[in-house]
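**Q** Structure file entry07.cif, mmCIF, C-alpha atoms and all ligand atoms, is pasted below:
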```cif
data_upload
#
loop_
_atom_site.label_atom_id
_atom_site.label_comp_id
_atom_site.auth_asym_id
_atom_site.auth_seq_id
_atom_site.Cartn_x
_atom_site.Cartn_y
_atom_site.Cartn_z
CA MET A 1 -45.13 254.27 142.33
CA THR A 2 -42.10 252.73 144.00
CA THR A 3 -40.52 254.40 146.98
CA ASP A 4 -37.21 253.42 148.44
CA THR A 5 -38.28 253.73 152.05
CA TRP A 6 -40.23 251.33 154.23
CA GLU A 7 -43.51 253.22 153.98
CA THR A 8 -46.96 252.68 152.59
CA ASN A 9 -47.20 253.56 148.90
CA ALA A 10 -50.57 252.00 148.09
CA THR A 11 -54.06 251.79 149.55
CA LEU A 12 -55.85 248.59 150.45
CA ALA A 13 -58.42 249.52 147.78
CA GLU A 14 -55.63 249.50 145.17
CA VAL A 15 -54.46 246.15 146.49
CA ALA A 16 -58.01 244.78 146.27
CA ASN A 17 -58.18 245.93 142.63
CA ARG A 18 -54.92 244.22 141.77
CA ILE A 19 -56.13 241.03 143.43
CA ALA A 20 -59.46 241.18 141.59
CA ARG A 21 -57.64 241.38 138.23
CA ALA A 22 -55.15 238.56 138.89
CA SER A 23 -55.88 235.08 137.66
CA SER A 24 -53.23 233.39 139.80
CA ILE A 25 -51.99 234.58 143.18
CA VAL A 26 -49.42 233.17 145.59
CA VAL A 27 -49.62 234.34 149.20
CA LEU A 28 -46.38 234.19 151.18
CA THR A 29 -45.43 235.01 154.74
CA HIS A 30 -42.43 234.80 157.06
CA VAL A 31 -40.48 231.64 157.82
CA LYS A 32 -41.66 229.67 160.88
CA PRO A 33 -45.15 231.11 160.54
CA ASP A 34 -46.98 232.08 163.73
CA GLY A 35 -50.66 232.74 164.41
CA ASP A 36 -50.68 236.07 162.60
CA ALA A 37 -48.72 234.79 159.59
CA VAL A 38 -50.91 231.71 159.14
CA GLY A 39 -54.09 233.63 160.01
CA SER A 40 -53.36 236.41 157.51
CA SER A 41 -52.47 233.92 154.77
CA LEU A 42 -55.48 231.64 155.23
CA ALA A 43 -57.94 234.52 155.63
CA LEU A 44 -56.67 236.16 152.46
CA VAL A 45 -56.79 232.97 150.37
CA ARG A 46 -60.31 232.23 151.65
CA ALA A 47 -61.49 235.78 150.95
CA ILE A 48 -60.09 235.64 147.41
CA ALA A 49 -61.74 232.24 146.83
CA GLN A 50 -65.06 233.55 148.06
CA SER A 51 -64.84 236.75 146.03
CA ARG A 52 -64.62 234.66 142.83
CA ARG A 53 -67.45 232.31 143.77
CA THR A 54 -70.18 234.41 142.20
CA THR A 55 -72.00 231.58 140.49
CA PRO A 56 -73.33 228.46 142.23
CA SER A 57 -70.93 226.28 140.27
CA GLY A 58 -68.05 228.36 141.53
CA VAL A 59 -64.65 229.02 140.03
CA ALA A 60 -61.46 227.27 141.11
CA CYS A 61 -59.65 229.33 143.73
CA PRO A 62 -56.96 231.40 141.98
CA ALA A 63 -54.94 231.86 145.18
CA GLU A 64 -52.83 229.59 147.32
CA ALA A 65 -50.66 230.10 150.40
CA TRP A 66 -47.12 228.76 150.67
CA PHE A 67 -45.34 228.29 153.96
CA THR A 68 -41.81 227.35 154.90
CA GLY A 69 -40.17 226.34 158.15
CA PRO A 70 -41.73 224.25 160.89
CA MET A 71 -45.49 224.69 161.01
CA PRO A 72 -47.30 225.29 164.30
CA MET A 73 -48.79 222.19 165.96
CA TRP A 74 -52.30 223.53 165.47
CA PHE A 75 -51.98 224.13 161.71
CA GLY A 76 -53.77 220.92 160.72
CA SER A 77 -56.80 221.77 162.81
CA ILE A 78 -57.39 225.23 161.39
CA HIS A 79 -56.35 224.96 157.75
CA ARG A 80 -59.61 223.23 156.70
CA ASP A 81 -59.64 222.77 152.91
CA THR A 82 -57.78 225.97 152.06
CA LYS A 83 -55.30 225.77 149.21
CA ALA A 84 -52.04 225.83 151.13
CA ARG A 85 -48.65 224.22 150.72
CA PRO A 86 -46.46 223.90 153.78
CA LEU A 87 -43.15 223.17 152.05
CA GLY A 88 -40.94 220.81 153.99
CA PRO A 89 -37.15 221.25 154.00
CA ASP A 90 -36.67 218.82 151.12
CA GLN A 91 -39.57 220.04 149.01
CA SER A 92 -38.59 222.45 146.29
CA ILE A 93 -40.49 225.63 145.51
CA PRO A 94 -43.19 224.91 142.90
CA PRO A 95 -42.19 226.14 139.41
CA LEU A 96 -45.10 228.59 139.23
CA ASP A 97 -45.10 232.09 137.82
CA PRO A 98 -48.27 233.67 139.22
CA ASP A 99 -49.81 236.98 138.14
CA LEU A 100 -49.46 238.34 141.62
CA VAL A 101 -47.53 237.64 144.83
CA VAL A 102 -48.91 238.96 148.11
CA ILE A 103 -46.63 238.83 151.14
CA VAL A 104 -48.28 239.20 154.53
CA ASP A 105 -46.87 239.85 158.04
CA THR A 106 -43.33 240.56 156.82
CA GLY A 107 -41.55 242.52 154.15
CA SER A 108 -37.96 241.62 154.78
CA TRP A 109 -35.70 239.39 152.74
CA SER A 110 -34.31 237.57 155.75
CA GLN A 111 -37.81 236.63 156.96
CA LEU A 112 -38.74 235.31 153.53
CA ASP A 113 -35.93 232.81 153.93
CA ARG A 114 -35.91 230.35 151.01
CA PHE A 115 -38.73 232.21 149.22
CA ALA A 116 -36.47 235.27 148.78
CA ASP A 117 -34.76 234.07 145.58
CA TRP A 118 -38.12 233.13 144.09
CA VAL A 119 -39.58 236.58 144.89
CA LYS A 120 -36.59 238.64 143.72
CA PRO A 121 -37.34 238.69 139.96
CA LYS A 122 -41.05 239.32 140.69
CA GLN A 123 -40.76 242.64 142.52
CA GLU A 124 -43.06 244.46 140.07
CA LYS A 125 -45.91 242.05 140.72
CA THR A 126 -45.38 241.69 144.44
CA ILE A 127 -47.40 243.42 147.15
CA VAL A 128 -46.45 243.54 150.84
CA ILE A 129 -49.02 243.97 153.62
CA ASP A 130 -47.29 244.31 156.97
CA HIS A 131 -47.31 245.92 160.40
CA HIS A 132 -43.62 245.66 161.35
CA ARG A 133 -41.42 248.69 161.85
CA GLN A 134 -38.68 247.32 159.66
CA GLY A 135 -38.67 245.82 156.22
CA ASP A 136 -36.91 245.94 152.88
CA PRO A 137 -38.56 248.32 150.41
CA ASP A 138 -37.09 246.48 147.42
CA VAL A 139 -39.11 243.32 148.17
CA SER A 140 -42.19 244.71 146.42
CA ALA A 141 -43.38 247.52 144.19
CA LEU A 142 -46.47 248.15 146.29
CA ARG A 143 -46.77 248.00 150.03
CA VAL A 144 -49.22 248.78 152.79
CA VAL A 145 -47.40 249.16 156.11
CA ASP A 146 -49.36 250.10 159.21
CA THR A 147 -47.17 249.94 162.31
CA SER A 148 -50.11 250.98 164.47
CA ALA A 149 -51.84 247.69 163.66
CA ALA A 150 -51.40 245.08 166.38
CA SER A 151 -51.52 242.27 163.84
CA ALA A 152 -51.32 241.90 160.09
CA THR A 153 -54.82 240.41 160.24
CA GLU A 154 -56.13 243.89 161.15
CA LEU A 155 -55.13 244.95 157.63
CA ILE A 156 -56.27 241.70 156.02
CA ALA A 157 -59.70 242.15 157.66
CA GLU A 158 -60.05 245.48 155.88
CA LEU A 159 -58.86 243.97 152.61
CA ALA A 160 -61.27 241.02 152.95
CA CYS A 161 -64.15 243.48 153.44
CA LEU A 162 -63.11 245.32 150.26
CA LEU A 163 -62.84 242.09 148.27
CA LEU A 164 -66.20 240.81 149.49
CA LYS A 165 -67.97 244.18 149.64
CA CYS A 166 -68.79 243.81 153.33
CA ALA A 167 -69.57 246.96 155.29
CA SER A 168 -68.01 245.49 158.43
CA PRO A 169 -65.88 242.45 159.39
CA ALA A 170 -68.97 241.26 161.31
CA GLU A 171 -70.42 240.35 157.92
CA LEU A 172 -67.51 238.12 156.92
CA ASP A 173 -67.95 234.37 156.71
CA GLU A 174 -66.88 232.54 159.89
CA SER A 175 -64.21 230.68 157.88
CA ILE A 176 -62.52 234.03 157.17
CA ALA A 177 -63.24 235.56 160.58
CA GLU A 178 -61.57 232.71 162.48
CA PRO A 179 -58.03 233.07 161.06
CA LEU A 180 -58.33 236.87 161.32
CA TYR A 181 -59.19 236.56 165.01
CA MET A 182 -56.38 234.07 165.51
CA GLY A 183 -53.80 236.58 164.22
CA LEU A 184 -55.27 239.37 166.31
CA ALA A 185 -55.39 237.26 169.46
CA THR A 186 -51.95 235.68 169.16
CA ASP A 187 -50.08 238.89 168.22
CA THR A 188 -51.59 240.64 171.27
CA GLY A 189 -50.86 237.69 173.60
CA TRP A 190 -54.60 237.04 173.75
CA PHE A 191 -55.27 240.73 174.39
CA LYS A 192 -52.59 241.26 177.07
CA HIS A 193 -49.81 243.23 175.34
CA SER A 194 -49.22 246.97 175.00
CA ASN A 195 -50.39 246.86 171.36
CA VAL A 196 -54.03 246.38 172.43
CA THR A 197 -56.04 249.38 171.24
CA PRO A 198 -59.72 250.25 170.90
CA ARG A 199 -59.35 249.23 167.24
CA VAL A 200 -58.21 245.75 168.34
CA PHE A 201 -61.29 245.23 170.50
CA ARG A 202 -63.64 246.64 167.86
CA LEU A 203 -62.31 244.17 165.32
CA ALA A 204 -62.38 241.34 167.86
CA ALA A 205 -66.02 242.14 168.64
CA ASP A 206 -66.92 242.16 164.94
CA LEU A 207 -65.19 238.85 164.37
CA LEU A 208 -66.97 237.25 167.33
CA GLU A 209 -70.20 238.50 165.81
CA ALA A 210 -69.17 236.80 162.57
CA GLY A 211 -69.16 233.50 164.45
CA VAL A 212 -65.67 232.99 165.89
CA LYS A 213 -65.71 230.69 168.94
CA HIS A 214 -63.20 232.32 171.28
CA GLU A 215 -62.71 229.58 173.87
CA GLU A 216 -62.64 226.76 171.34
CA LEU A 217 -59.99 228.60 169.32
CA PHE A 218 -57.96 229.42 172.44
CA LEU A 219 -57.84 225.77 173.52
CA ASN A 220 -57.09 224.68 169.98
CA ILE A 221 -54.10 227.03 169.70
CA GLU A 222 -52.76 227.24 173.24
CA SER A 223 -53.52 223.92 174.96
CA ARG A 224 -51.21 221.68 173.01
CA ASP A 225 -48.33 221.14 175.41
CA ARG A 226 -46.61 217.81 175.73
CA PRO A 227 -45.63 216.69 179.26
CA ALA A 228 -41.96 217.09 178.27
CA ARG A 229 -42.49 220.83 177.82
CA LEU A 230 -43.72 221.23 181.40
CA ARG A 231 -40.83 219.14 182.68
CA LEU A 232 -38.43 221.46 180.85
CA MET A 233 -40.32 224.50 182.14
CA ALA A 234 -39.89 223.27 185.72
CA ARG A 235 -36.14 223.01 185.14
CA SER A 236 -35.96 226.42 183.53
CA LEU A 237 -37.84 228.06 186.41
CA SER A 238 -35.60 226.31 188.94
CA THR A 239 -32.59 228.14 187.46
CA ILE A 240 -34.00 231.66 187.90
CA ASP A 241 -31.33 234.00 189.11
CA PHE A 242 -31.75 237.71 189.79
CA ALA A 243 -29.39 240.54 188.96
CA LEU A 244 -29.25 244.32 189.21
CA GLY A 245 -31.20 244.51 192.44
CA GLY A 246 -33.78 241.94 191.40
CA THR A 247 -34.87 243.87 188.32
CA VAL A 248 -33.42 241.32 185.90
CA ALA A 249 -34.45 237.65 186.00
CA ILE A 250 -32.34 235.13 184.13
CA GLN A 251 -33.21 231.52 183.32
CA CYS A 252 -30.70 229.12 181.78
CA LEU A 253 -31.22 225.91 179.86
CA GLN A 254 -28.38 223.53 179.05
CA GLN A 255 -28.39 221.02 176.24
CA SER A 256 -28.62 218.25 178.85
CA ASP A 257 -31.94 219.67 180.12
CA PHE A 258 -33.48 218.95 176.73
CA GLU A 259 -32.00 215.46 176.56
CA GLU A 260 -33.08 214.50 180.08
CA THR A 261 -36.66 215.80 179.80
CA GLY A 262 -37.23 214.66 176.22
CA ALA A 263 -38.16 218.21 175.20
CA ALA A 264 -37.41 219.77 171.83
CA PRO A 265 -35.98 223.25 171.11
CA GLN A 266 -39.43 224.56 170.15
CA ASP A 267 -40.75 223.62 173.60
CA ILE A 268 -39.18 226.74 175.17
CA GLY A 269 -41.80 229.08 173.67
CA GLY A 270 -43.16 231.42 176.37
CA PHE A 271 -40.63 230.45 179.08
CA VAL A 272 -38.99 233.87 178.96
CA ASP A 273 -42.33 235.54 179.67
CA LEU A 274 -42.89 233.64 182.90
CA ALA A 275 -40.55 235.71 185.09
CA ARG A 276 -42.28 238.93 184.08
CA SER A 277 -44.98 238.05 186.60
CA ILE A 278 -42.51 238.84 189.41
CA GLU A 279 -43.27 242.33 190.69
CA GLN A 280 -39.71 243.72 190.78
CA VAL A 281 -38.60 242.27 187.46
CA ARG A 282 -38.20 244.77 184.60
CA VAL A 283 -36.41 242.47 182.17
CA SER A 284 -36.69 238.71 181.85
CA VAL A 285 -33.96 236.77 180.07
CA LEU A 286 -33.75 233.18 178.87
CA LEU A 287 -30.38 231.76 177.87
CA THR A 288 -30.29 228.52 175.92
CA GLU A 289 -27.13 226.57 175.22
CA MET A 290 -26.83 225.46 171.61
CA HIS A 291 -24.34 223.14 169.98
CA THR A 292 -23.86 224.14 166.35
CA PRO A 293 -21.36 223.12 163.68
CA ASP A 294 -19.52 226.38 164.51
CA GLY A 295 -19.22 225.46 168.17
CA MET A 296 -21.07 226.37 171.32
CA LEU A 297 -23.50 229.27 171.17
CA THR A 298 -25.85 230.87 173.63
CA LYS A 299 -29.26 231.90 172.36
CA VAL A 300 -30.59 234.94 174.21
CA SER A 301 -34.27 235.87 174.49
CA MET A 302 -35.27 239.01 176.35
CA ARG A 303 -38.60 240.48 177.38
CA SER A 304 -39.14 243.89 178.90
CA LYS A 305 -42.10 245.04 180.94
CA GLY A 306 -43.80 248.15 179.67
CA GLY A 307 -44.55 251.23 181.71
CA PRO A 308 -42.40 254.22 182.66
CA ASN A 309 -38.60 253.72 182.40
CA MET A 310 -39.11 250.77 180.10
CA VAL A 311 -35.85 249.05 179.20
CA ASP A 312 -35.49 248.83 175.41
CA VAL A 313 -34.18 245.27 174.99
CA ASN A 314 -33.85 245.81 171.24
CA ILE A 315 -30.90 248.15 171.95
CA VAL A 316 -29.30 245.50 174.16
CA ALA A 317 -29.84 242.82 171.49
CA ASN A 318 -28.31 245.11 168.86
CA THR A 319 -25.04 245.27 170.78
CA PHE A 320 -24.77 241.50 170.25
CA GLY A 321 -25.77 241.61 166.60
CA GLY A 322 -29.37 240.61 167.30
CA GLY A 323 -32.60 242.56 167.25
CA GLY A 324 -36.36 242.56 167.61
CA HIS A 325 -38.71 244.99 169.30
CA ALA A 326 -38.38 247.28 172.32
CA GLN A 327 -40.16 244.75 174.54
CA ALA A 328 -39.06 241.50 172.89
CA ALA A 329 -35.67 240.89 171.35
CA GLY A 330 -33.04 238.24 170.96
CA ALA A 331 -29.49 237.49 169.87
CA ARG A 332 -26.94 234.72 169.58
CA ILE A 333 -23.66 235.03 171.42
CA ALA A 334 -20.70 232.84 170.54
CA LEU A 335 -19.83 232.13 174.17
CA PRO A 336 -20.68 229.46 176.72
CA ILE A 337 -23.76 230.20 178.77
CA ALA A 338 -22.02 231.48 181.95
CA GLU A 339 -19.93 233.99 180.02
CA ALA A 340 -22.89 235.07 177.91
CA LYS A 341 -24.85 235.66 181.11
CA ALA A 342 -22.17 238.01 182.46
CA LYS A 343 -22.10 239.93 179.17
CA ILE A 344 -25.86 240.34 179.14
CA ILE A 345 -25.95 241.64 182.72
CA GLU A 346 -23.16 244.07 181.84
CA ALA A 347 -25.07 245.29 178.76
CA LEU A 348 -28.33 245.69 180.69
CA GLN A 349 -26.57 247.75 183.30
MN MN B 401 -47.70 239.85 163.02
#
```
Please render this file's structure as structure tokens.
**A**
Amino acid sequence: MTTDTWETNATLAEVANRIARASSIVVLTHVKPDGDAVGSSLALVRAIAQSRRTTPSGVACPAEAWFTGPMPMWFGSIHRDTKARPLGPDQSIPPLDPDLVVIVDTGSWSQLDRFADWVKPKQEKTIVIDHHRQGDPDVSALRVVDTSAASATELIAELACLLLKCASPAELDESIAEPLYMGLATDTGWFKHSNVTPRVFRLAADLLEAGVKHEELFLNIESRDRPARLRLMARSLSTIDFALGGTVAIQCLQQSDFEETGAAPQDIGGFVDLARSIEQVRVSVLLTEMHTPDGMLTKVSMRSKGGPNMVDVNIVANTFGGGGHAQAAGARIALPIAEAKAKIIEALQ
């Protein structure tokens, strides 16, 4: 059954059945994959491989994961021997026509980036498993969307148990439990964000029981900074300016800051969160100057603290043609940084 709204129209048991019948499966996720995207993809490919390994000689794994966009620094250390193809910008999409396509942690055309054209003619044999509030229903015929899940790996954990006939995620192999835990931990900010629920901790506990090494994984994922990133962070923090009675904190980074510290654009990850630790701050903003072929742009990242009277930064981002979530959103404004800053303060007011 196909519905034209972004809602679940299949059960994970149905998905498991489709997977069990497919002889070739490609697993896709969003561009610039994060911990949840990579974790969901690797866990699913590993669970499928294991579900087919019923005889000692084994059967070749029928599933593989494809990724596009820059891969996280830690990818090499967690991918083990899983069938996965991180496709570089000049690598073309393999000319494969699999029985089944499973898309995890997104269901929107824009997030599929260069995979979109490849997926389009395969809608009938595509399944989406996602936890985002928005997506495009015409990406797949079947979809499981659970917006109450903190991470897509919460859903993949359930699917892995169905595929492997495990009564609980605690029974999963450590090689499957680790990427599941990685998605759960990173999408909740290592269990700090408002999406942490009893279900999150129950799954985390089961996965630890399955053999996940929490501290080792944390260091592997999070302790990978280069000195240049901290030099850039120091500059960013030194620019903090407060507006609207101290409730809005704004950091600014110029192009020259990157050049002088030797940092790269991806080094700014997490900077916008830093000012949230200030008691009075309700919204933290990071403005980054970008030189593009179309001229000077300002990239805006916003984070809102939860609690009563929460500011919905998604609404603010929407007024500039951007978007995201209530507590984390962004946009690009075609103005120099100082003018963009004034516009953002005005919009937040
Ligand atoms: Mn996710």
**Q** All residues within 7 Å of ligand MN 401 (chain B) are required, counting all atoms listed in the file; please report them as a CSV table (one decimal) with C-alpha atoms, keeping the file's coordinate frame.
**A**
```
chain,number,residue,atom,x,y,z
A,36,ASP,CA,-50.7,236.1,162.6
A,37,ALA,CA,-48.7,234.8,159.6
A,105,ASP,CA,-46.9,239.8,158.0
A,131,HIS,CA,-47.3,245.9,160.4
A,151,SER,CA,-51.5,242.3,163.8
A,152,ALA,CA,-51.3,241.9,160.1
A,187,ASP,CA,-50.1,238.9,168.2
```
**Q** As a count of residues only, please: the residues near segment 81-90 of chain A (cut-off 9 Å, all atoms listed in the file, same-chain neighbours under 5 positions excluded).
**A** 14
**Q** Can you list, as a PDB file with C-alpha atoms, in the coordinates of the input, every protein, DNA or RNA residue that comes within 12 Å of Leu253 of chain A when you count all atoms listed in the file, leaving out same-chain residues fewer than 5 positions away?
**A**
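Full text of part05.pdb as output:
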```pdb
ATOM      1  CA  LEU A 232     -38.430 221.460 180.850  1.00  0.00           C
ATOM      2  CA  MET A 233     -40.320 224.500 182.140  1.00  0.00           C
ATOM      3  CA  ALA A 234     -39.890 223.270 185.720  1.00  0.00           C
ATOM      4  CA  ARG A 235     -36.140 223.010 185.140  1.00  0.00           C
ATOM      5  CA  SER A 236     -35.960 226.420 183.530  1.00  0.00           C
ATOM      6  CA  LEU A 237     -37.840 228.060 186.410  1.00  0.00           C
ATOM      7  CA  SER A 238     -35.600 226.310 188.940  1.00  0.00           C
ATOM      8  CA  THR A 239     -32.590 228.140 187.460  1.00  0.00           C
ATOM      9  CA  ILE A 240     -34.000 231.660 187.900  1.00  0.00           C
ATOM     10  CA  PHE A 258     -33.480 218.950 176.730  1.00  0.00           C
ATOM     11  CA  GLU A 259     -32.000 215.460 176.560  1.00  0.00           C
ATOM     12  CA  GLU A 260     -33.080 214.500 180.080  1.00  0.00           C
ATOM     13  CA  THR A 261     -36.660 215.800 179.800  1.00  0.00           C
ATOM     14  CA  ALA A 263     -38.160 218.210 175.200  1.00  0.00           C
ATOM     15  CA  ALA A 264     -37.410 219.770 171.830  1.00  0.00           C
ATOM     16  CA  PRO A 265     -35.980 223.250 171.110  1.00  0.00           C
ATOM     17  CA  ASP A 267     -40.750 223.620 173.600  1.00  0.00           C
ATOM     18  CA  ILE A 268     -39.180 226.740 175.170  1.00  0.00           C
ATOM     19  CA  PHE A 271     -40.630 230.450 179.080  1.00  0.00           C
ATOM     20  CA  VAL A 272     -38.990 233.870 178.960  1.00  0.00           C
ATOM     21  CA  VAL A 285     -33.960 236.770 180.070  1.00  0.00           C
ATOM     22  CA  LEU A 286     -33.750 233.180 178.870  1.00  0.00           C
ATOM     23  CA  LEU A 287     -30.380 231.760 177.870  1.00  0.00           C
ATOM     24  CA  THR A 288     -30.290 228.520 175.920  1.00  0.00           C
ATOM     25  CA  GLU A 289     -27.130 226.570 175.220  1.00  0.00           C
ATOM     26  CA  MET A 290     -26.830 225.460 171.610  1.00  0.00           C
ATOM     27  CA  THR A 298     -25.850 230.870 173.630  1.00  0.00           C
ATOM     28  CA  LYS A 299     -29.260 231.900 172.360  1.00  0.00           C
ATOM     29  CA  VAL A 300     -30.590 234.940 174.210  1.00  0.00           C
ATOM     30  CA  SER A 301     -34.270 235.870 174.490  1.00  0.00           C
ATOM     31  CA  PRO A 336     -20.680 229.460 176.720  1.00  0.00           C
ATOM     32  CA  ILE A 337     -23.760 230.200 178.770  1.00  0.00           C
ATOM     33  CA  ALA A 338     -22.020 231.480 181.950  1.00  0.00           C
ATOM     34  CA  LYS A 341     -24.850 235.660 181.110  1.00  0.00           C
TER      35      LYS A 341
END
```
**Q** Please put the answer as JSON: centre and edge lengths, in Å with one decimal, of a box along x, y and z that encloses all listed atoms of segment 198-214 of chain A plus 4 Å on each side.
**A**
```
{"center_x": -64.2, "center_y": 240.5, "center_z": 166.9, "size_x": 20.0, "size_y": 27.6, "size_z": 16.7}
```
**Q** Which of these, A:Lys122, A:Glu209, A:Thr147, A:Pro62, has the shortest distance to Ile48 of chain A once you count all atoms listed in the file?
**A** A:Pro62
**Q** With a distance cut-off of 10 Å and only C-alpha atoms, select the neighbouring residues of Asn17 of chain A, excluding the residue or stretch itself and same-chain residues fewer than 6 positions from it, and output the selection as JSON, numbers by chain.
**A** {"A": [11, 162, 163]}
**Q** So, counting all atoms listed in the file, which residue among A:Val200, A:Cys166, A:Ser110, A:Leu180 is closest to Ala149 of chain A?
**A**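 With all atoms listed in the file as the atom set, the closest residue is A:Val200.
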**Q** In Å, rounded to a single decimal, give me how far atom CA of Ala210 of chain A is from atom CA of Glu171 of chain A.
**A**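 Atom-to-atom, atom CA of Glu171 of chain A to atom CA of Ala210 of chain A, that is 6.0 Å.
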**Q** Pop segment 69-93 of chain A out of the structure in the block and write C-alpha atoms as an mmCIF file, in the first residue's frame.
**A**
```cif
data_model
loop_
_atom_site.group_PDB
_atom_site.id
_atom_site.type_symbol
_atom_site.label_atom_id
_atom_site.label_comp_id
_atom_site.auth_asym_id
_atom_site.auth_seq_id
_atom_site.Cartn_x
_atom_site.Cartn_y
_atom_site.Cartn_z
ATOM 1 C CA GLY A 69 29.707 13.111 0.804
ATOM 2 C CA PRO A 70 32.637 13.490 3.156
ATOM 3 C CA MET A 71 32.891 10.555 5.547
ATOM 4 C CA PRO A 72 33.438 11.103 9.270
ATOM 5 C CA MET A 73 37.061 10.871 10.460
ATOM 6 C CA TRP A 74 36.252 7.786 12.519
ATOM 7 C CA PHE A 75 34.704 5.792 9.660
ATOM 8 C CA GLY A 76 37.822 3.723 8.982
ATOM 9 C CA SER A 77 38.043 2.577 12.571
ATOM 10 C CA ILE A 78 34.490 1.287 12.870
ATOM 11 C CA HIS A 79 33.677 -0.071 9.419
ATOM 12 C CA ARG A 80 35.622 -3.330 9.982
ATOM 13 C CA ASP A 81 35.135 -5.641 6.986
ATOM 14 C CA THR A 82 31.556 -4.624 6.225
ATOM 15 C CA LYS A 83 30.621 -4.360 2.562
ATOM 16 C CA ALA A 84 30.476 -0.595 2.164
ATOM 17 C CA ARG A 85 31.333 1.842 -0.590
ATOM 18 C CA PRO A 86 32.027 5.429 0.380
ATOM 19 C CA LEU A 87 31.729 7.020 -3.069
ATOM 20 C CA GLY A 88 34.089 9.925 -3.577
ATOM 21 C CA PRO A 89 33.024 12.961 -5.616
ATOM 22 C CA ASP A 90 34.551 11.583 -8.817
ATOM 23 C CA GLN A 91 33.364 8.008 -8.375
ATOM 24 C CA SER A 92 30.225 7.192 -10.288
ATOM 25 C CA ILE A 93 27.320 5.249 -8.831
#
```
